[in-house]
Structure formats: C-alpha cells, structure tokens
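*Asks:* Mind looking over this structure? Questions follow.
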2 protein chains.
Amino acid sequence: MSDLRISIVEDNNDLRDTLQKLIENELGLKFVSAYSNAEDAIRRLPKNVPDVVIMDIHLPFRSGIDCTRALKDLCPDLRVLILTVYENSDNIFDALKAGASGYLLKRSSPSEILSAISDIAEGGAPMSSRIASQVVASFQKTTPTLEPEGDPLSERETEVLGYLTKGYSGKEIADKMFVSINTVKTHLKHIYQKLHVRSRTEILLRYHDANRDS
Amino acid sequence: MSDLRISIVEDNNDLRDTLQKLIENELGLKFVSAYSNAEDAIRRLPKNVPDVVIMDIHLPFRSGIDCTRALKDLCPDLRVLILTVYENSDNIFDALKAGASGYLLKRSSPSEILSAISDIAEGGAPMSSRIASQVVASFQKTTPTLEPEGDPLSERETEVLGYLTKGYSGKEIADKMFVSINTVKTHLKHIYQKLHVRSRTEILLRYHDANRDS
DNA sequence: ACATCAACCACCCGAAAGGATGATTTGGTA
DNA sequence: TACCAAATCATCCTTTCGGGTGGTTGATGT
C-alpha cells in the first residue's frame, strides 16, 4: 500500500504551511499540492489528483463548498475533508451535499486531523463531535406541523392525505377510494382547514419539510 | 462533576456482563442498571434514570429502536447509544429518528465504547466509521431524476423551477420574474416536457424525494 | 329521543393549471 | 447571411382546484 496522497485548499498561509508540514512528517502520507483559492484548485488539482483534499470553507472568491462540488464533479473518487471554523448547520449540510465526506473544526488537534485523514481515505466520514451531533439532530426533526395537535384528521381524511402526498389528483384518489370526486373534495376541504393550508402545494411543501422518510 | 450514570439494554448475557464490568472498572462511570429486554427497560428505567443507556437493537420482543423511542419519550434528556451488529441503513436511520444519539457496531473495542460514552454524554454523536459514512451518504442522494441528462433546462426554466419548488403559483412566479403569466406557462410546459411530468405536484414529489434541502 | 360527527354526495362558482398553436425579438453560430 | 435556440407574449380551450352551500345516512353517546 503506497502513501496516501494529500492536497490542501486553504487561504491562510500559516495554516496551510502547518498542514503541509504535518502531512510531510507523517508516515504513510504524501503531500501533493496546496492551493490558496478555489479557482486554482479546480483548474490544477485534476491534473494530479490526490486521494484526499483538505478543504477550507472560507476562501477568497468562490467558497470551499463550491470548490468541493466542482472537484467532486471532476474527480468523483476524490475524498474531501472539510476543515473550517464554521459549525453552523447550513454550512455543514451544504458541504456534505456538495460531496464532502468529512467535516472537522479547526480547533481539532493534529492527531485528530491525521486520524481523520486515514479514516476518510478508508471510506469513513470523520466529523468533529459537535458536527456529528448536528447531523444526527437533523434526523430527529420531530415530524411536526403535520397535524398541529389541535384537531386530528379522521380516518378517511388521513387516507386522502396519504394519496395526496403521493401525488395523486383528486380524481385518482376518488377512484382508489371508491368514492365520488365530490367526497374527496369535501375531505380535502376539511384537511386544508385542519392543517391551515390552502392548496396541495402547501401540503407537499410542509410534508416533505417535516418528514425525511417515506 | 459526579460519575456518569450508565444503564444497559442487551439480551445477550455475556455481553451484558462484559459491558457492566467495563463500566464498573472505569473511573468516572457508574453502572446503574441492566435489562435484557425492552419491556423491562421501559417499565423500570424511568424510575432511576441514567445519563446514558447502551442499547442493543435485536431484543426478544420489542426492538431496541422501539425501546429507544419509548424511553426518549419518557426521559427526553436520556442519551441513547446504540450498540449493535446491524449496519444496514434502515436500522441506522430508524434508530437516529427514534432518538438515538450514537451508533456503534459491536466490533468496537472497549476503549472505543468508553470514549463514545464520554462523547455522547457531552452532547456528541459518536458513530462507527462505517455508520458515519452511511449517514453522510444520505445527504448526497445524488439529486437524480431532476433533469434526466437528456436535455438540460434553460436558464429561465431553471429559475421558474426554483420558484415552483418553493411553492409559488404561476401568477406569483410571473410577478417575481417580471414577465407575463403566459410566459411562465410556456416555461412550465417546457419544464414538464423535459422532466416528463404532467403537474407541479409531480415536480414537488420528485424534487423533494431527490433533495433533502430547502 | 336527541345531538353530534364522520362519511358520503351534489351543485355552483371563479380561479388556476395544463395543453395546443402561433407569433416576435434577440443573440449567437454555421 | 441564414439559421436556430431561447425568451417573450397571446389566444383558445379543457380540466382541475379550492371554496361555499346544502343534503342524507349511520354510528355513538348523552
């Protein structure tokens, strides 16, 4: 097994040098390249693709998240390890969606960074503790707002809602439930009243905001 | 700071005893109770609530996921650390949705388990490497089927699609884009053709199936 | 016996959505 | 230059939605 090849995208010169030295002094890792902005990285990194790139988020022009997206597009096998000071959930989720596999905070110790590099290269997804807990929290989004605890939907109304959120039209729901279109419309009116919405569009938006499952 | 209070829900007697000894022999941890099934845990654990409960998933009658849900309902501050052999994504996501904060595989070493306990008690979300990568992968659900690679949407069409997926009506989109309602309708027709759908409802379904974001 | 409520259905209305056809302008490219 | 795609708008037409009003039945509970 040859050395893991590592690149760095980081605009802070001191930190970039520190990381480079950290990598160069570690057995099993090989420093490949470093870039101080997203453009350089996107243009030049694909010519000599590393195994892992350590990516800052705050960069001069294009963000590290943009850069991650672009690089993953050009080099799908590249593993991106975010190393940043930002721990707000928007940045975390955007980075992961953009294709990052790991997310460390800059306060991490050198040994944490090194073990994260090994972990991410082996298919893991290293995250700082605070990051992981936010990611997990995103799964626990309490399925709220659908049925606001005020007046529960009746059995048939729930059934109609089920078809509604699967994308069926009023007519199709009527057929599936063996009732007339007018009955479905009545149920729908009641559902809209109870959930305080005025269209199936609003239902779908709320439903898929609230539920991350089927 | 007093000792962390730990309980165990695990049906395998050997492993349960091993875990108990592991906890009893560790400075800073205090073993509180152990249960071999979900019913016992749900009935008796709330009478003496620990800080952290180590939970197996495969249990005799009710699963550890059910048990997690019930316990989190009774004791919201309880931290649940899943310890199981299952690493399929359904169990992972269901457990996290049920309120678990950490997810370890049983192959984990004693020191990993101990540090996970500390981590979870401090608000972290410890996960085995393979688990974390599956969780992260769930954010990267490749935004498929929206734009089927056959004919990309034009600039304005993409713009219309953006508003559409935020729930705006045709008229509202027209206003926001400073064009007539007819233009929006034309764009919509083209979008429907390109994405092979027949209504905004289908668009919303596909969009929110594909994207876990706003 | 009476009240209540879910479920069912009908008719009406206006607004929105979806589809077809055709037209004009603009910018870029063969 | 000639052509083409994208964007703009219009007109016509049908269906669907959302909302209002009203009614019948059957089960449940007081």
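Each chain in the structure tokens gets a letter, A, B and so on, in the order shown; residues start at 1 in every chain, and ligands are counted from 1 in the order they appear.
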Can you pull out every residue within 12 Å of DT26 in chain C, counting only C-alpha atoms (C1' of nucleotides), but drop anything in the same chain fewer than 3 positions away, and send it as a list in words?

*Replies:*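 The filter keeps DC4, DA5, DA6, DA7 and DT8 of chain D.
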
*Asks:* With C-alpha atoms (C1' of nucleotides) retained, write the just-selected residues as a compact mmCIF listing (two decimals), in the first residue's frame.

*Replies:*
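What ended up in again_9.txt:
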```
# COMPACT_ATOMS: atom_id res chain seq x y z
C1' DC D 4 -31.62 28.32 -34.56
C1' DA D 5 -32.49 28.30 -29.71
C1' DA D 6 -34.23 30.92 -26.02
C1' DA D 7 -37.27 34.07 -24.28
C1' DT D 8 -41.19 36.63 -24.65
```

*Asks:* Should the cut-off be 10 Å, what would the residue list for chain A against chain C look like, counting only C-alpha atoms (C1' of nucleotides), as a PyMOL selection string?

*Replies:* chain A and resi 154-157+179-184+186-187

*Asks:* Val53 in chain B: which residues within 10 Å, counting only C-alpha atoms (C1' of nucleotides), same-chain residues fewer than 2 positions away excluded, as a list in words?

*Replies:*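 Close residues of Val53 in chain B: Arg5, Ile6, Ser7, Ile8, Val9, Val32, Ser33, Ala34, Ala41, Leu45, Val49, Pro50, Asp51, Met55, Asp56, Thr68, Leu71, Leu78, Arg79, Val80, Leu81, Ile82, Leu83, Ala100 and Ile117 of chain B.
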
*Asks:* I need the alpha helix (DSSP H) residues of range 49-195 of chain B per DSSP on the backbone, written as a ChimeraX atom specification.

*Replies:* /B:64-74,89-98,110-121,129-137,155-165,170-177,181-195

*Asks:* Report as a list in words the set of chain B residues whose atoms approach chain A to within 7 Å, with distances computed over only C-alpha atoms.

*Replies:* Leu96, Lys97, Gly99, Ser101, Gly123, Gly124, Ala125, Ser129, Arg130, Ala132, Ser133, Val136, Phe139, Gln140, Gly167, Thr201, Glu202, Leu205 and His208 of chain B

*Asks:* Show me, as JSON, numbers by chain, every residue of chain D with an atom at most 12 Å from chain A, counting only C-alpha atoms (C1' of nucleotides).

*Replies:* {"D": [15, 16, 17, 18, 19, 20]}
